[in-house]
Amino acid sequence: SKIKKLFNGLINAMRYVMTGLLAGILLAFIPVFDTHTGFVLQPLWHGALHKIQTIEPSSTKIDKLSFAITTDSGYYHLDANGALKRFIAGGDNFIKPTIDGNFYISYKKVGNDITMYNATNEIFWKIASAEYPYSAPDGSIIVLLTADGSSARIADFNGNIYANTQLNGQFCTAVAFSPQGGFAGIGFIDGRFYIVNNRGQSIYAGQSPQGTIVKGIAIDSTGQFAIVHCGDSSKDLLLCINIARQKTWLHELSTSHHVKTALAVNSSGHALFLDMHSLLAVDIKDKDVTEYPVVKKRYGQSQINNTDDIFTITYPAATGGSVWYIWDWNKGKLYSREFFEEPFLYSIISNNLILLQGQEMLACFAYQQ
């Protein structure tokens, strides 16, 4: 009925208004943040995810940086100052943009080719493949996984494909990428895992203890260090790898994880791993693990990203809502905040900027040390 349609329209309008108000209220309470560490956090812009077009751009000039904000139907390409450049629709295809939105991969769920376009929809390359593509944040390496998850090939940014007969296992359970540099990790249910470069060459190949499931992998941007999360339903381990020296050591976790959890490592061999009740700081070179208490997590989407020793951590909290941490590997927590109205959070950290995305809100911050 007309009355029902009008009522639903009013509800949706109020939803958008309240989303904007909530985001505005939350961010209004985030000051320029200066601790004894000298860390400064400055909000640049914010808005409702469902109303990106209405975001008021920051007056701060940010040259040559942009973000991709993905949706079910495509992605928004935003300047780092919050100005909308364009929306790219996927149509009948799935699309995966690079982190800066300047390129994207297009493919079908059941198809015979994969295409990379630039942000103005010009074809950059097209390859014949029925495989499923996983792309690095910067597009420097692409993992082409077979439909049955038993083997993979590697493609580089220019669409050159490199076969590696070693890249196989019973069933793929983990695909991960270095933030930059063109490295990927591929893990399987039978415990086999491989670290490869964007020419398809294995720089490390290993097996988890007792052939337990590979649950997660992290690689640094230089390809010198990696950390592998593996285990079964009763016990989990971290396999810490110094790739340059081809050396490994193990750390047993206090909890077995039944859902993927977040981990990341930088080019100094400093890693963070999100446990259920704590955050583990792992020094791969010195074989040391330090445990820090954090807000208890619940199962769901979690993420750790980093630039050098600065890490952003987002995950759903056991008490509801989501948590955001900014962490210095050497100094510990720099900033934290709970977003009780957001069931999940996603973050990007690049060039002293942090983009924070929830189910409802979108915000960008600048930081300095």
# chains A, B, ... in the order shown; residues from 1 in each chain; ligands from 1

$ residues_around --residues "Trp249 in chain A" --least-positions-apart "5" --cutoff "12 Å" --atoms "only C-alpha atoms" --output "PyMOL selection string"
chain A and resi 208-209+226-228+237-243+282-289

$ residues_around --residues "range 308-322 of chain A" --least-positions-apart "5" --cutoff "10 Å" --atoms "only C-alpha atoms" --output "ChimeraX atom specification"
/A:220-221,261-274,276-277,279,294-303,327-349,352,354,356,358,369

$ atom_distance --atom1 "CA of Asn81 in chain A" --atom2 "CA of Asn121 in chain A"
22.8 Å

$ closest_residue --among "A:Phe365, A:Thr115, A:Pro179, A:Arg192" --to "Ser151 in chain A" --atoms "only C-alpha atoms"
A:Arg192

$ closest_residue --among "A:Val196, A:Phe177, A:Tyr117, A:Asp190" --to "Gly211 in chain A" --atoms "only C-alpha atoms"
A:Asp190

$ residues_around --residues "Lys109 in chain A" --least-positions-apart "3" --cutoff "8 Å" --atoms "only C-alpha atoms" --output "list of chain:residue names"
A:Asn93, A:Phe94, A:Tyr132

$ write_last_selection --atoms "N, CA and C atoms" --output "short mmCIF file (atom, residue, chain, number, x, y, z; two decimals), in the first residue's frame"
data_model
loop_
_atom_site.label_atom_id
_atom_site.label_comp_id
_atom_site.auth_asym_id
_atom_site.auth_seq_id
_atom_site.Cartn_x
_atom_site.Cartn_y
_atom_site.Cartn_z
N ASN A 93 29.25 -9.39 -13.22
CA ASN A 93 30.55 -9.93 -12.83
C ASN A 93 30.88 -9.61 -11.37
N PHE A 94 31.79 -10.41 -10.82
CA PHE A 94 32.42 -10.06 -9.56
C PHE A 94 33.60 -9.15 -9.86
N TYR A 132 39.74 -19.12 -9.92
CA TYR A 132 39.21 -18.06 -9.06
C TYR A 132 40.37 -17.15 -8.66
#

$ select_by_dssp --residues "range 131-336 of chain A" --states "strand (DSSP E)" --output "ChimeraX atom specification"
/A:132-135,141-145,152-156,161-162,172-177,183-188,192-197,202-207,213-219,225-231,236-242,247-252,263-265,270-274,278-283,288-293,303-307,310-316,322-328,332-336

$ residues_around --residues "Thr60 in chain A" --least-positions-apart "3" --cutoff "10 Å" --atoms "only C-alpha atoms" --output "ChimeraX atom specification"
/A:44-45,57,63,80-81,366

$ write_last_selection --atoms "C-alpha atoms" --output "PDB file, in the first residue's frame"
ATOM      1  CA  LEU A  44      39.922  14.214   8.412  1.00  0.00           C
ATOM      2  CA  TRP A  45      36.408  13.349   7.263  1.00  0.00           C
ATOM      3  CA  PRO A  57      35.685  16.342   1.769  1.00  0.00           C
ATOM      4  CA  ASP A  63      48.114  14.288  -3.232  1.00  0.00           C
ATOM      5  CA  ALA A  80      41.888  10.294   0.234  1.00  0.00           C
ATOM      6  CA  ASN A  81      40.359  13.662   1.180  1.00  0.00           C
ATOM      7  CA  ALA A 366      45.766  11.153   9.617  1.00  0.00           C
TER       8      ALA A 366
END

$ residues_around --residues "Asp72 in chain A" --least-positions-apart "3" --cutoff "10 Å" --atoms "only C-alpha atoms" --output "ChimeraX atom specification"
/A:75,89-90,94-95

$ write_last_selection --atoms "C-alpha atoms" --output "mmCIF file, in the first residue's frame"
data_model
loop_
_atom_site.group_PDB
_atom_site.id
_atom_site.type_symbol
_atom_site.label_atom_id
_atom_site.label_comp_id
_atom_site.auth_asym_id
_atom_site.auth_seq_id
_atom_site.Cartn_x
_atom_site.Cartn_y
_atom_site.Cartn_z
ATOM 1 C CA TYR A 75 33.030 -0.093 -5.599
ATOM 2 C CA ALA A 89 29.564 -1.206 -11.170
ATOM 3 C CA GLY A 90 30.279 -4.905 -11.436
ATOM 4 C CA PHE A 94 32.417 -10.058 -9.555
ATOM 5 C CA ILE A 95 35.008 -7.315 -9.211
#

$ closest_residue --among "A:Gln180, A:Gln53, A:Gln201, A:Gln170" --to "Ala155 in chain A" --atoms "only C-alpha atoms"
A:Gln201

$ residues_around --residues "Glu291 in chain A" --least-positions-apart "5" --cutoff "8 Å" --atoms "only C-alpha atoms" --output "NGL selection string"
:A and (278-281)

$ closest_residue --among "A:Pro137, A:Gly74, A:Gly82, A:Gly159" --to "Met116 in chain A" --atoms "only C-alpha atoms"
A:Gly159

$ atom_distance --atom1 "CA of Ile52 in chain A" --atom2 "CA of Lys108 in chain A"
26.8 Å
